[in-house]
Every structure is written in C-alpha cells, then in structure tokens.
>>> print(open('final22.txt').read())   # compact mmCIF, C-alpha atoms
# COMPACT_ATOMS: atom_id res chain seq x y z
CA MET K 1067 15.89 -43.31 -40.60
CA GLU K 1068 13.93 -40.42 -39.00
CA LYS K 1069 10.99 -41.44 -36.83
CA ASN K 1070 7.59 -39.75 -37.22
CA PRO K 1071 6.98 -37.08 -34.48
CA VAL K 1072 4.26 -37.90 -31.92
CA ASP K 1073 1.11 -35.79 -32.24
CA LYS K 1074 -0.10 -35.06 -28.69
CA HIS K 1075 -3.61 -34.43 -29.97
CA GLN K 1076 -3.79 -38.06 -31.01
CA ILE K 1077 -2.94 -39.47 -27.56
CA VAL K 1078 -4.70 -36.97 -25.24
CA THR K 1079 -8.49 -37.03 -25.12
CA SER K 1080 -9.86 -33.62 -24.15
CA ASN K 1081 -12.60 -33.08 -21.58
CA SER K 1082 -15.66 -30.95 -22.38
CA TRP K 1083 -15.43 -29.28 -18.94
CA ALA K 1084 -11.98 -27.84 -19.71
CA SER K 1085 -13.52 -24.44 -20.58
CA LEU K 1086 -14.56 -24.03 -16.91
CA ARG K 1087 -10.91 -23.90 -15.84
CA ARG K 1088 -10.81 -20.19 -16.66
CA HIS K 1089 -13.01 -19.67 -13.58
CA THR K 1090 -11.06 -21.75 -11.06
CA ASP K 1091 -7.66 -23.13 -10.08
CA ALA K 1092 -9.33 -26.47 -9.33
CA ARG K 1093 -8.06 -29.42 -11.35
CA ILE K 1094 -11.06 -30.12 -13.53
CA GLY K 1095 -11.39 -31.02 -17.20
CA LEU K 1096 -7.82 -32.32 -17.46
CA GLY K 1097 -8.49 -34.84 -20.21
CA ARG K 1098 -6.97 -38.30 -20.30
CA SER K 1099 -4.44 -40.42 -22.11
CA GLY K 1100 -5.88 -43.89 -22.33
CA ILE K 1101 -7.05 -44.53 -18.75
CA SER K 1102 -4.40 -42.24 -17.22
CA GLN K 1103 -3.93 -38.55 -16.55
CA PRO K 1104 -1.89 -36.74 -19.25
CA THR K 1105 1.74 -36.02 -18.39
CA ALA K 1106 1.47 -32.23 -18.12
CA PRO K 1107 -1.34 -32.18 -15.48
CA GLN K 1108 0.46 -34.96 -13.59
CA LEU K 1109 3.66 -32.89 -13.40
CA GLU K 1110 1.67 -29.79 -12.38
CA PHE K 1111 0.05 -31.81 -9.56
CA GLN K 1112 3.43 -32.99 -8.28
CA GLN K 1113 4.77 -29.44 -8.34
CA ALA K 1114 1.73 -28.13 -6.43
CA HIS K 1115 2.10 -30.89 -3.84
CA ALA K 1116 5.78 -30.01 -3.35
CA ARG K 1117 4.90 -26.31 -2.86
CA ALA K 1118 2.27 -27.22 -0.25
CA ARG K 1119 4.79 -29.35 1.68
CA ASP K 1120 7.36 -26.55 1.52
CA ALA K 1121 4.79 -24.10 2.90
CA VAL K 1122 4.36 -26.29 5.98
CA HIS K 1123 7.99 -27.20 6.64
CA ILE K 1124 10.19 -24.27 5.53
CA PRO K 1125 10.93 -22.16 8.64
CA LEU K 1126 9.65 -18.59 8.78
CA ASP K 1127 12.46 -16.08 8.21
CA VAL K 1128 11.74 -14.04 11.32
CA LYS K 1129 14.52 -11.49 10.80
CA GLN K 1130 13.22 -10.73 7.32
CA LEU K 1131 9.68 -10.34 8.65
CA GLN K 1132 10.80 -8.02 11.46
CA SER K 1133 12.76 -5.97 8.92
CA GLU K 1134 9.69 -5.63 6.68
CA LEU K 1135 7.54 -4.61 9.65
CA ALA K 1136 10.12 -2.01 10.66
CA GLN K 1137 10.10 -0.61 7.11
CA VAL K 1138 6.37 0.12 7.46
CA GLY K 1139 6.85 1.64 10.91
CA LEU K 1140 5.77 -1.27 13.10
CA GLN K 1141 7.69 -2.41 16.17
CA SER K 1142 7.65 -6.14 16.84
CA LEU K 1143 8.26 -8.61 19.66
CA LEU K 1144 9.48 -12.15 19.04
CA LEU K 1145 7.67 -14.85 21.04
CA HIS K 1146 7.48 -18.64 20.91
CA SER K 1147 4.82 -21.21 21.64
CA GLN K 1148 5.33 -24.26 23.85
CA ALA K 1149 6.05 -26.33 20.71
CA GLU K 1150 9.83 -26.26 20.67
CA ASP K 1151 10.19 -27.43 17.05
CA ARG K 1152 8.16 -28.12 13.89
CA ALA K 1153 7.73 -31.82 14.57
CA THR K 1154 6.24 -31.09 18.00
CA TYR K 1155 4.06 -28.37 16.53
CA LEU K 1156 2.54 -30.76 14.00
CA GLN K 1157 2.00 -33.60 16.48
CA ARG K 1158 0.91 -31.57 19.54
CA PRO K 1159 -1.58 -28.86 18.49
CA ASP K 1160 -2.19 -28.03 22.17
CA LYS K 1161 1.39 -26.79 22.56
CA GLY K 1162 1.04 -24.46 19.59
CA ARG K 1163 -1.90 -22.76 21.31
CA ARG K 1164 0.03 -21.61 24.39
CA LEU K 1165 3.09 -19.41 24.91
CA ASP K 1166 6.25 -20.77 26.47
CA ALA K 1167 7.28 -19.49 29.91
CA ASP K 1168 9.82 -16.92 28.64
CA SER K 1169 7.35 -15.37 26.21
CA ALA K 1170 4.60 -15.14 28.82
CA ALA K 1171 7.01 -13.50 31.28
CA LEU K 1172 8.09 -10.98 28.61
CA LEU K 1173 4.48 -9.92 27.95
CA LYS K 1174 3.71 -9.64 31.68
CA GLN K 1175 6.70 -7.38 32.09
CA LEU K 1176 5.62 -5.28 29.13
CA SER K 1177 2.07 -4.92 30.46
CA GLU K 1178 3.46 -3.61 33.77
CA GLN K 1179 5.57 -1.01 32.00
CA GLN K 1180 2.98 0.52 29.69
CA PRO K 1181 -0.77 1.14 29.69
CA ALA K 1182 -3.08 -1.42 28.08
CA SER K 1183 -3.82 -0.89 24.39
CA ASP K 1184 -7.05 -1.16 22.47
CA ALA K 1185 -5.73 -3.61 19.90
CA THR K 1186 -2.88 -6.08 19.45
CA ILE K 1187 -1.77 -7.55 16.12
CA VAL K 1188 -0.28 -11.04 16.40
CA ILE K 1189 1.47 -12.88 13.56
CA ALA K 1190 1.79 -16.68 13.83
CA ASP K 1191 3.49 -18.90 11.24
CA GLY K 1192 0.68 -21.48 11.48
CA LEU K 1193 0.72 -24.07 8.71
CA SER K 1194 2.13 -21.88 5.94
CA SER K 1195 5.29 -19.87 6.48
CA THR K 1196 5.03 -19.03 2.76
CA ALA K 1197 1.82 -17.08 3.34
CA VAL K 1198 3.22 -15.20 6.32
CA GLN K 1199 6.48 -14.41 4.56
CA ARG K 1200 4.73 -13.05 1.47
CA HIS K 1201 1.77 -11.16 2.90
CA ALA K 1202 1.87 -10.63 6.69
CA ALA K 1203 3.85 -7.37 6.80
CA ARG K 1204 1.68 -5.72 4.16
CA VAL K 1205 -1.57 -6.86 5.78
CA ALA K 1206 -0.37 -5.77 9.23
CA ALA K 1207 0.47 -2.33 7.83
CA GLU K 1208 -2.98 -1.98 6.23
CA VAL K 1209 -4.69 -3.03 9.47
CA ASP K 1210 -2.54 -0.79 11.67
CA GLN K 1211 -3.23 2.27 9.51
CA ARG K 1212 -6.97 1.75 9.82
CA LEU K 1213 -6.79 1.12 13.58
CA ALA K 1214 -4.85 4.36 13.96
CA ALA K 1215 -7.41 6.24 11.87
CA GLU K 1216 -10.12 4.97 14.25
CA GLY K 1217 -8.16 6.45 17.16
CA LEU K 1218 -7.37 3.03 18.67
CA THR K 1219 -4.10 2.46 20.52
CA ARG K 1220 -1.94 -0.52 19.49
CA SER K 1221 0.67 -2.72 21.16
CA PRO K 1222 3.85 -3.75 19.32
CA VAL K 1223 3.19 -6.49 16.77
CA CYS K 1224 3.78 -9.90 18.40
CA ILE K 1225 5.36 -12.61 16.22
CA VAL K 1226 4.76 -16.12 17.60
CA GLN K 1227 6.91 -18.92 16.18
CA GLN K 1228 5.22 -22.34 16.00
CA GLY K 1229 1.95 -20.60 16.87
CA ARG K 1230 -1.65 -21.65 16.23
CA VAL K 1231 -4.79 -19.51 16.21
CA ALA K 1232 -5.64 -19.72 19.91
CA VAL K 1233 -2.23 -18.42 21.00
CA GLY K 1234 -3.42 -14.94 20.04
CA ASP K 1235 -5.94 -14.97 22.89
CA GLU K 1236 -3.20 -15.56 25.46
CA VAL K 1237 -1.15 -12.69 24.00
CA GLY K 1238 -4.17 -10.39 24.17
CA GLU K 1239 -5.01 -11.42 27.72
CA LEU K 1240 -1.47 -10.88 29.01
CA LEU K 1241 -1.35 -7.42 27.41
CA ASP K 1242 -4.89 -6.65 28.66
CA SER K 1243 -5.84 -5.69 25.11
CA ARG K 1244 -9.50 -5.04 24.23
CA VAL K 1245 -9.22 -6.91 20.93
CA VAL K 1246 -6.66 -9.18 19.30
CA ILE K 1247 -6.10 -9.57 15.55
CA LEU K 1248 -4.16 -12.69 14.60
CA LEU K 1249 -2.60 -13.14 11.15
CA VAL K 1250 -1.77 -16.79 10.46
CA GLY K 1251 -0.61 -18.98 7.58
CA GLU K 1252 -3.53 -21.19 6.58
CA ARG K 1253 -3.39 -24.89 5.86
CA PRO K 1254 -2.01 -24.96 2.26
CA GLY K 1255 -4.09 -26.30 -0.59
CA LEU K 1256 -2.70 -27.66 -3.83
CA SER K 1257 -3.62 -24.42 -5.61
CA SER K 1258 -3.16 -22.06 -2.65
CA PRO K 1259 0.06 -22.59 -0.66
CA ASP K 1260 0.24 -18.89 0.26
CA SER K 1261 -3.15 -18.18 1.81
CA LEU K 1262 -3.16 -15.90 4.87
CA GLY K 1263 -6.02 -15.76 7.37
CA ILE K 1264 -7.10 -13.19 9.96
CA TYR K 1265 -8.76 -14.29 13.21
CA TYR K 1266 -10.38 -11.60 15.33
CA THR K 1267 -11.36 -11.84 19.02
CA TYR K 1268 -13.05 -9.33 21.30
CA ASN K 1269 -11.96 -9.48 24.96
CA PRO K 1270 -9.36 -12.23 24.32
CA ARG K 1271 -8.57 -14.72 27.08
CA VAL K 1272 -7.24 -18.25 27.38
CA GLY K 1273 -9.85 -20.97 26.92
CA LEU K 1274 -12.02 -19.34 24.25
CA THR K 1275 -13.17 -21.58 21.41
CA ASP K 1276 -13.44 -20.82 17.69
CA ALA K 1277 -17.04 -19.74 18.33
CA ALA K 1278 -15.65 -16.53 19.88
CA ARG K 1279 -13.63 -15.60 16.80
CA ASN K 1280 -14.35 -14.10 13.38
CA CYS K 1281 -12.28 -15.21 10.41
CA ILE K 1282 -11.31 -13.55 7.13
CA SER K 1283 -9.70 -16.20 4.94
CA ASN K 1284 -7.86 -16.55 1.61
CA ILE K 1285 -5.83 -13.33 1.65
CA ARG K 1286 -3.46 -13.66 -1.33
CA PRO K 1287 -3.13 -12.30 -4.88
CA ALA K 1288 -5.70 -14.77 -6.26
CA GLY K 1289 -8.06 -14.23 -3.30
CA ILE K 1290 -8.86 -11.25 -1.05
CA SER K 1291 -6.52 -8.27 -1.30
CA PRO K 1292 -4.89 -6.83 1.85
CA GLN K 1293 -6.94 -3.65 1.42
CA ASP K 1294 -10.26 -5.48 1.19
CA ALA K 1295 -9.36 -7.71 4.14
CA ALA K 1296 -8.44 -4.70 6.27
CA GLU K 1297 -11.70 -2.95 5.37
CA ARG K 1298 -13.76 -6.01 6.34
CA LEU K 1299 -11.80 -6.36 9.56
CA LEU K 1300 -12.38 -2.74 10.54
CA TRP K 1301 -16.11 -3.21 10.08
CA LEU K 1302 -15.91 -6.13 12.51
CA VAL K 1303 -13.81 -4.09 14.95
CA ARG K 1304 -16.29 -1.19 14.98
CA GLU K 1305 -19.31 -3.46 15.45
CA SER K 1306 -17.48 -5.60 17.99
CA LEU K 1307 -16.55 -2.64 20.19
CA ARG K 1308 -20.07 -1.22 19.91
CA ARG K 1309 -21.80 -4.52 20.73
CA LYS K 1310 -19.05 -5.94 23.01
CA LEU K 1311 -18.85 -9.34 21.34
CA SER K 1312 -17.27 -11.29 18.49
CA GLY K 1313 -17.56 -14.70 16.85
CA VAL K 1314 -20.77 -16.42 15.80
CA GLU K 1315 -22.89 -13.61 17.25
CA LEU K 1316 -21.18 -11.06 14.98
CA LYS K 1317 -21.91 -11.61 11.29
CA ASP K 1318 -19.83 -9.88 8.63
CA GLU K 1319 -22.38 -7.73 6.82
CA SER K 1320 -19.87 -5.21 5.51
CA GLY K 1321 -20.31 -6.16 1.85
CA ASP K 1322 -23.95 -7.20 1.72
CA ALA K 1323 -25.25 -4.14 -0.14
CA GLU K 1324 -22.47 -4.26 -2.72
CA ALA K 1325 -23.02 -7.97 -3.32
CA LEU K 1326 -26.72 -7.47 -3.98
CA GLU K 1327 -26.17 -4.54 -6.33
CA GLY K 1328 -23.11 -5.93 -8.13
CA GLU K 1329 -22.60 -8.76 -10.57
CA GLY K 1330 -23.59 -11.43 -8.11
CA GLN K 1331 -26.48 -12.37 -10.39
CA ARG K 1332 -24.13 -13.99 -12.95
CA ASN K 1333 -24.03 -17.73 -13.26
CA PHE K 1334 -20.82 -18.91 -14.90
CA LEU K 1335 -22.43 -22.26 -15.76
CA LEU K 1336 -24.66 -20.42 -18.22
CA GLU K 1337 -21.86 -18.51 -19.95
>>> encode(input="final22.txt", output="structure tokens")
Amino acid sequence: MEKNPVDKHQIVTSNSWASLRRHTDARIGLGRSGISQPTAPQLEFQQAHARARDAVHIPLDVKQLQSELAQVGLQSLLLHSQAEDRATYLQRPDKGRRLDADSAALLKQLSEQQPASDATIVIADGLSSTAVQRHAARVAAEVDQRLAAEGLTRSPVCIVQQGRVAVGDEVGELLDSRVVILLVGERPGLSSPDSLGIYYTYNPRVGLTDAARNCISNIRPAGISPQDAAERLLWLVRESLRRKLSGVELKDESGDAEALEGEGQRNFLLE
C-alpha cells in the first residue's frame, strides 16, 4: 500500500524575516520544524563550517601561486615564518609574526645586492589559504600596476608561509622599503571562507602595533572587488607618502564623496 507523501510546508514553519535574506548571507529567518532547525538550513550550516575549517587547514599551494604571479609578470620570493608547521602557527601567534633565520638572511642578502624600493608586496597565507589561493595573484597584479603608474619602484613579491600580519613589517624593514602592502587570508566566517585582507604600513619595522596599519577587508566576489581594493589602497599610499604616516592617523576618505552622493540614503528595512 502506497504511503502518502510528506508535505514539507506542513512541517516547516516559515519566519517573517526570511525576506531579508536577499540582502545578506547571514543565517536569519530560517524557519523551524517543531522546536528544531529545518533539515536544509542545518545541512547548509554543516557545509559552511566544513569549508571554514578547510580554509584554515588546507596548505597553500605555493607553486601554483608563484605560477599565477609569474603569468601576470611578477617575480616572487618564497619565505617562511618561525612557525614550522600549521599546529605551531595556530598555537604560537608570536612565531607567525617573525621570519625564520634562513628567510631573514635571504632578504638581507637581497637588500645588499639591489637598491631599496619604494614598495614591497607581501603575501601571507594567514588563516585562509582558500582566500590567498583564489584572489592573491589577481589583487597583487592590480596593486602592482597602480604602483607602477605612480612611478614607485617595487621589490619582488614576498610569499611568507605560516605568516601573520606583522611579518610584513619585518620583510619591509629588511628590504628597507618605504611602504609594505601585505595580502593575507582573513579568519574565515561561515559565509565567507575566502575573504582576503590588505594591511598597509608606512615605514615598516619590527615592533609596530596594529595602530600603525591601515586595513582593507573582505576582498572577494561577494565583497570588495580587486579593482576597488587597489584604488582604495593607492589613495592610502599617496596620502601616506605625502603625510609620512599610516594607521589610525590616516583615515580612508577615498570614497566619502561617492557615498554621500550615491544610494547610501536607502534603508533596506523600509523596502
């Protein structure tokens, strides 16, 4: 005897806030089945959690990244932090902020062989190799093109494995670079495992705190495009070199006029 099919609409109670989901990836308005979350959102949550864990633990394919950088005309150096493996990196943040002895010696040798550059681009895997693998080469190319157009000299791109944000300052100091631009995989969220960040420092040197850096975050298809990020960064570079500072004393005002004149007056809660 054939059983009656189950009608999902009879067991899932919808949520009136569900319409707001078209504005955000946040898990809101999911509805409920009895006192529990419906099966579909529960499976989507587990998938998102697995992607976030993969972003942290899957090793960066360095050869692939170097190949992509070469395709856009960028030379690269491979460096390593003092964190010898991923487990150490996650448990000892201090080691991810400094270069190991071999990497420091390589940069010292390079600085003795060639004149200091205006800018150095550093790529660190950070907490999301997924973000670096997907976006770093393209963002580096966009940034390098704009630096070149400004007439600024650049060092080879430095790739730091098991690197955190502060390691960029040591790279810049050893190369005697005027500014350092660090591209890093950001801590993955459940809806954003591939978010790339840019940290910018004027006059980089070991021991600086986050107060000395500017940050452009959420570079990914659902966030800021590589072109927009590079444009914002170049505004910071110009102002930084003119005013000889970076960080909390340098506010990003590159898009203020556009924001005031654009559609910033909309309130999605009233739609």
>>> axis_aligned_box(input="final22.txt", around="stretch 1273-1289 of chain K", padding_each_side="6 Å", output="AutoDock Vina command-line options")
--center_x -10.1 --center_y -16.9 --center_z 10.3 --size_x 25.9 --size_y 21.3 --size_z 45.2
>>> closest_residue(input="final22.txt", among="K:Ala1170, K:Ile1077, K:Ile1187, K:Val1226", to="K:Ser1102", atoms="all atoms listed in the file")
K:Ile1077
>>> residues_around(input="final22.txt", residues="K:Ala1277", least_positions_apart="5", cutoff="10 Å", atoms="all atoms listed in the file", output="ChimeraX atom specification")
/K:1267,1312-1315
>>> write_last_selection(input="final22.txt", atoms="C-alpha atoms", output="mmCIF file, keeping the file's coordinate frame")
data_model
loop_
_atom_site.group_PDB
_atom_site.id
_atom_site.type_symbol
_atom_site.label_atom_id
_atom_site.label_comp_id
_atom_site.auth_asym_id
_atom_site.auth_seq_id
_atom_site.Cartn_x
_atom_site.Cartn_y
_atom_site.Cartn_z
ATOM 1 C CA THR K 1267 -11.360 -11.840 19.020
ATOM 2 C CA SER K 1312 -17.270 -11.290 18.490
ATOM 3 C CA GLY K 1313 -17.560 -14.700 16.850
ATOM 4 C CA VAL K 1314 -20.770 -16.420 15.800
ATOM 5 C CA GLU K 1315 -22.890 -13.610 17.250
#
>>> residues_around(input="final22.txt", residues="K:Leu1140", least_positions_apart="4", cutoff="10 Å", atoms="all atoms listed in the file", output="PyMOL selection string")
chain K and resi 1132-1136+1203+1206-1207+1210+1221-1223
>>> closest_residue(input="final22.txt", among="K:Ala1185, K:Ala1190, K:Ala1288, K:Val1122", to="K:Arg1212", atoms="all atoms listed in the file")
K:Ala1185
>>> atom_distance(input="final22.txt", atom1="atom CA of K:Pro1254", atom2="atom CA of K:Arg1119")
8.1 Å
>>> residues_around(input="final22.txt", residues="K:Val1237", least_positions_apart="5", cutoff="10 Å", atoms="all atoms listed in the file", output="list in words")
Leu1145, Arg1164, Leu1165, Ser1169, Ala1170, Leu1173, Lys1174, Thr1186, Ile1187, Val1188, Cys1224, Val1226, Ala1232, Asp1242, Ser1243, Val1246, Leu1248, Pro1270, Arg1271 and Val1272 of chain K
>>> atom_distance(input="final22.txt", atom1="atom CA of K:Ile1094", atom2="atom CA of K:Asn1081")
8.7 Å
>>> closest_residue(input="final22.txt", among="K:Glu1208, K:Pro1287, K:Phe1111, K:Val1233", to="K:Leu1299", atoms="all atoms listed in the file")
K:Glu1208
>>> atom_distance(input="final22.txt", atom1="atom CA of K:Leu1096", atom2="atom CA of K:Leu1193")
28.7 Å
>>> residues_around(input="final22.txt", residues="K:Pro1104", least_positions_apart="3", cutoff="10 Å", atoms="all atoms listed in the file", output="list of chain:residue names")
K:Lys1074, K:Ile1077, K:Val1078, K:Thr1079, K:Ser1080, K:Leu1096, K:Gly1097, K:Arg1098, K:Ser1099, K:Gly1100, K:Ile1101, K:Pro1107, K:Gln1108, K:Leu1109
>>> residues_around(input="final22.txt", residues="K:Lys1161", least_positions_apart="2", cutoff="10 Å", atoms="all atoms listed in the file", output="PyMOL selection string")
chain K and resi 1147-1150+1154-1159+1163-1166+1228-1230+1233
>>> write_last_selection(input="final22.txt", atoms="C-alpha atoms", output="mmCIF file, keeping the file's coordinate frame")
data_model
loop_
_atom_site.group_PDB
_atom_site.id
_atom_site.type_symbol
_atom_site.label_atom_id
_atom_site.label_comp_id
_atom_site.auth_asym_id
_atom_site.auth_seq_id
_atom_site.Cartn_x
_atom_site.Cartn_y
_atom_site.Cartn_z
ATOM 1 C CA SER K 1147 4.820 -21.210 21.640
ATOM 2 C CA GLN K 1148 5.330 -24.260 23.850
ATOM 3 C CA ALA K 1149 6.050 -26.330 20.710
ATOM 4 C CA GLU K 1150 9.830 -26.260 20.670
ATOM 5 C CA THR K 1154 6.240 -31.090 18.000
ATOM 6 C CA TYR K 1155 4.060 -28.370 16.530
ATOM 7 C CA LEU K 1156 2.540 -30.760 14.000
ATOM 8 C CA GLN K 1157 2.000 -33.600 16.480
ATOM 9 C CA ARG K 1158 0.910 -31.570 19.540
ATOM 10 C CA PRO K 1159 -1.580 -28.860 18.490
ATOM 11 C CA ARG K 1163 -1.900 -22.760 21.310
ATOM 12 C CA ARG K 1164 0.030 -21.610 24.390
ATOM 13 C CA LEU K 1165 3.090 -19.410 24.910
ATOM 14 C CA ASP K 1166 6.250 -20.770 26.470
ATOM 15 C CA GLN K 1228 5.220 -22.340 16.000
ATOM 16 C CA GLY K 1229 1.950 -20.600 16.870
ATOM 17 C CA ARG K 1230 -1.650 -21.650 16.230
ATOM 18 C CA VAL K 1233 -2.230 -18.420 21.000
#
>>> closest_residue(input="final22.txt", among="K:Gln1199, K:Gln1175, K:Ser1085, K:Ser1142", to="K:Pro1125", atoms="all atoms listed in the file")
K:Gln1199
>>> closest_residue(input="final22.txt", among="K:Tyr1268, K:Ser1082, K:Ile1247, K:Ile1225", to="K:Arg1308", atoms="all atoms listed in the file")
K:Tyr1268
>>> closest_residue(input="final22.txt", among="K:Lys1310, K:Arg1093, K:His1123, K:Arg1204", to="K:Ala1278", atoms="only C-alpha atoms")
K:Lys1310
